Each structure stands twice: as C-alpha cells, then as structure tokens.
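> Sharing a structure, written as structure tokens. Questions coming.
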Amino acid sequence: EADIYQTPRYLVIGTGKKITLECSQTMGHDKMYWYQQDPGMELHLIHYSYGVNSTEKGDLSSESTVSRIRTEHFPLTLESARPSHTSQYLCASTPGDTIYFGEGSWLTVV
Amino acid sequence: QKEVEQDPGPLSVPEGAIVSLNCTYSNSAFQYFMWYRQYSRKGPELLMYTYSSGNKEDGRFTAQVDKSSKYISLFIRDSQPSDSATYLCAMKTSYDKVIFGPGTSLSVIP
C-alpha cells in the first residue's frame with residue numbers, strides 16, 4: 001500500500017488567489033511526479049523530480065511551479081489561479097518500477 | 001499513432017461476467033507494465049504490476065503481457081459491482097519514461 005498524501009483533497013478558490021497543493025510520501029522515493037487530470041480524461045504529466053533540488057517540466061505546459069527541498073515533500077504552487085486551472089491534480093512517486101498515486105486534489109477556481 | 005492505445009469502452013457487463021481489458025503499445029523499450037483502477041474523484045490505485053511476458057494472477061485479476069505482440073491485457077473473473085471503475089494501463093521504461101493509456105470505463109450491473 002502506498003503512503004503518499006495530498007492536501008487539500010477539495011478546494012474552491014477565487015480567481016487570482018495563490019494556492020499550494022501539498023504532497024508528501026513516507027516511502028523514501030527519490031522520483032516524484034505531478035499529473036493533471038480533467039474529469040473522464042487522460043493523465044497529463046506537468047512536473048517531475050529526480051530528487052532534492054531537482055525539478056523538471058512535464059509533457060503538458062502548466063503555469064504551476066514545484067519545489068523539492070526535502071525528499072518526502074513535493075508541493076505544487078499556482079501563483080494566480082484562473083478558472084482554466086480547475087482540474088484534479090495527482091501526486092505520485094516511484095521506487096523505480098511501479099508508480100504510486102495519492103488520492104488527488106480537486107481544485108475549482110471560480 | 002499514440003505510443004499506447006487502449007480499448008475505448010465504455011464497457012457494461014452483468015455481475016459474474018469475465019471482463020477483458022486490453023492495451024497495445026509501440027515502444028519496445030517499455031519494460032514494466034501496470035494496471036490501475038480509478039474510482040470517480042479518486043487517485044489511480046495500482047492493481048497489477050509485471051515486467052515479463054506471460055500471466056500473473058492475483059485473486060480475481062490476471063494480467064497478461066505479450067512483448068512480442070506488444071499487447072497487454074487485464075482479465076477480471078466473477079466481476080462485481082464494486083469493480084465498476086475506470087481501468088488504466090501504464091508502461092514504463094528503465095529510464096523512467098511512463099505512458100498511461102486513456103482508460104476504459106467499466107460498469108458491472110447487478
């Protein structure tokens with residue numbers, strides 16, 4: 001069973017607000033990912049990290065940013081939220097072969 | 001052509017039926033093969049993982065990989081209403097490239 005936690009699970013915020021989605025894993029995995037998934041749609045990789053101080057952009061362009069100051073923590077930040085950012089954001093980590101996901105953060109920007 | 005193609009669905013079966021979910025891929029560098037189950041508004045949950053051709057069984061679930069044909073399948077025996085979800089196939093290379101299928105929606109009717 002994966003030990004990867006995301007908060008908040010659900011959030012409704014106003015346009016222009018800054019938001020940080022938290023992701024923590026207790027498995028000691030170096031590699032972590034952020035995916036964006038609209039309802040009923042495919043997963044899209046937006047950020048990944050190979051370890052502390054490593055961050056890379058994924059396949060889907062995103063206005064969000066990430067940081068990796070500690071192995072277990074990989075937060076995602078939107079400096080100024082817009083309605084187009086409304087989506088589910090999924091954090092994941094891997095020990096090298098499989099990928100484990102958190103429960104997801106549902107963001108609605110009004 | 002996408003690197004991973006998945007049977008589009010949606011699929012609706014009666015309770016107790018055997019379900020077959022399928023994906024094909026084009027990149028021979030994929031070494032790890034995974035199936036995920038995703039309930040509505042939740043993160044994907046790892047169901048099955050394998051790295052070799054052949055069958056792997058876990059309870060009512062059997063994962064099948066045919067590397068020569070670049071084809072993977074997930075079989076669900078004695079399907080239950082609780083199996084109703086979206087099923088994602090995923091493939092990973094040794095250098096961390098991961099591709100997810102778009103998902104097949106399954107409904108098991110009591």
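Residues in the structure tokens are named by chain (A, B, ... in the order shown) and by number from 1 within that chain; ligands are numbered from 1 in the order shown.
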Taking a cut-off of 9 Å and counting only C-alpha atoms, can you build a table that, for each residue of chain A near chain B, reports the nearest atom pair and how far apart they are in Å (one decimal), sorted by chain then residue number, as JSON lines?

```
{"residue": "A:Glu1", "atom": "CA", "partner": "B:Leu46", "partner_atom": "CA", "distance": 8.8}
{"residue": "A:Ala2", "atom": "CA", "partner": "B:Glu45", "partner_atom": "CA", "distance": 8.9}
{"residue": "A:Pro39", "atom": "CA", "partner": "B:Arg41", "partner_atom": "CA", "distance": 8.0}
{"residue": "A:Gly40", "atom": "CA", "partner": "B:Gly103", "partner_atom": "CA", "distance": 8.6}
{"residue": "A:Met41", "atom": "CA", "partner": "B:Pro102", "partner_atom": "CA", "distance": 6.9}
{"residue": "A:Glu42", "atom": "CA", "partner": "B:Pro102", "partner_atom": "CA", "distance": 4.8}
{"residue": "A:Leu43", "atom": "CA", "partner": "B:Phe100", "partner_atom": "CA", "distance": 7.0}
{"residue": "A:His44", "atom": "CA", "partner": "B:Phe100", "partner_atom": "CA", "distance": 8.8}
{"residue": "A:Gln88", "atom": "CA", "partner": "B:Arg41", "partner_atom": "CA", "distance": 8.1}
{"residue": "A:Leu90", "atom": "CA", "partner": "B:Gly43", "partner_atom": "CA", "distance": 6.7}
{"residue": "A:Cys91", "atom": "CA", "partner": "B:Gly43", "partner_atom": "CA", "distance": 8.7}
{"residue": "A:Gly96", "atom": "CA", "partner": "B:Asp96", "partner_atom": "CA", "distance": 7.4}
{"residue": "A:Asp97", "atom": "CA", "partner": "B:Tyr32", "partner_atom": "CA", "distance": 6.3}
{"residue": "A:Thr98", "atom": "CA", "partner": "B:Tyr49", "partner_atom": "CA", "distance": 7.0}
{"residue": "A:Ile99", "atom": "CA", "partner": "B:Leu46", "partner_atom": "CA", "distance": 7.7}
{"residue": "A:Tyr100", "atom": "CA", "partner": "B:Leu46", "partner_atom": "CA", "distance": 6.8}
{"residue": "A:Phe101", "atom": "CA", "partner": "B:Gly43", "partner_atom": "CA", "distance": 6.0}
{"residue": "A:Gly102", "atom": "CA", "partner": "B:Gly43", "partner_atom": "CA", "distance": 5.8}
{"residue": "A:Glu103", "atom": "CA", "partner": "B:Gly43", "partner_atom": "CA", "distance": 4.3}
{"residue": "A:Gly104", "atom": "CA", "partner": "B:Gly43", "partner_atom": "CA", "distance": 5.3}
{"residue": "A:Ser105", "atom": "CA", "partner": "B:Lys42", "partner_atom": "CA", "distance": 8.8}
{"residue": "A:Trp106", "atom": "CA", "partner": "B:Arg41", "partner_atom": "CA", "distance": 7.9}
```
> Within 7 Å of Glu15 (chain B), counting only C-alpha atoms, which residues qualify if same-chain residues fewer than 2 places away don't, as a ChimeraX atom specification?
/B:13,17,79-81,108-110
> Measuring between only C-alpha atoms, which one of B:Arg77, B:Cys89, B:Ser52, B:Lys67 shows the shortest distance to Pro14 (chain B)?
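Between B:Arg77, B:Cys89, B:Ser52, B:Lys67, the residue approaching Pro14 (chain B) most closely is B:Arg77.
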> Which neighbours of Glu57 (chain B) fall inside 12 Å, counting only C-alpha atoms, when residues of the same chain fewer than 2 positions from it are skipped, and could you give them as a list in words?
Leu47, Met48, Tyr49, Thr50, Gly54, Asn55, Gly59, Arg60, Phe61, Thr62, Ala63, Gln64, Val65, Ser73, Leu74, Phe75, Ile76 and Arg77 of chain B
> Which residues are close to Lys17 (chain A), i.e. within 9 Å by only C-alpha atoms, leaving aside same-chain residues fewer than 2 positions away? Reply as a list in words.
Ile13, Gly14, Thr15, Ile19, Leu78, Glu79, Ser80, Ala81, Arg82 and Val109 of chain A
> Could you please determine the separation between CA of Met27 (chain A) and CA of Pro95 (chain A) in Å, to one decimal place?
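Separation of CA of Met27 (chain A) and CA of Pro95 (chain A): 8.3 Å.
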> Based on the backbone DSSP call, show me all residues of chain B assigned strand (DSSP E), as a VMD selection string.
chain B and resid 4 to 6 11 to 14 19 to 25 30 to 38 45 to 50 54 to 58 61 to 66 71 to 76 85 to 93 98 to 100 104 to 109
> Record the distance separating CA of Asn22 (chain B) and CA of Tyr87 (chain B), expressed in Å with one decimal.
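Pair CA of Asn22 (chain B) / CA of Tyr87 (chain B) returns 9.8 Å.
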> To one decimal in Å, tell me the separation between CA of Arg9 (chain A) and CA of Tyr39 (chain B).
14.7 Å
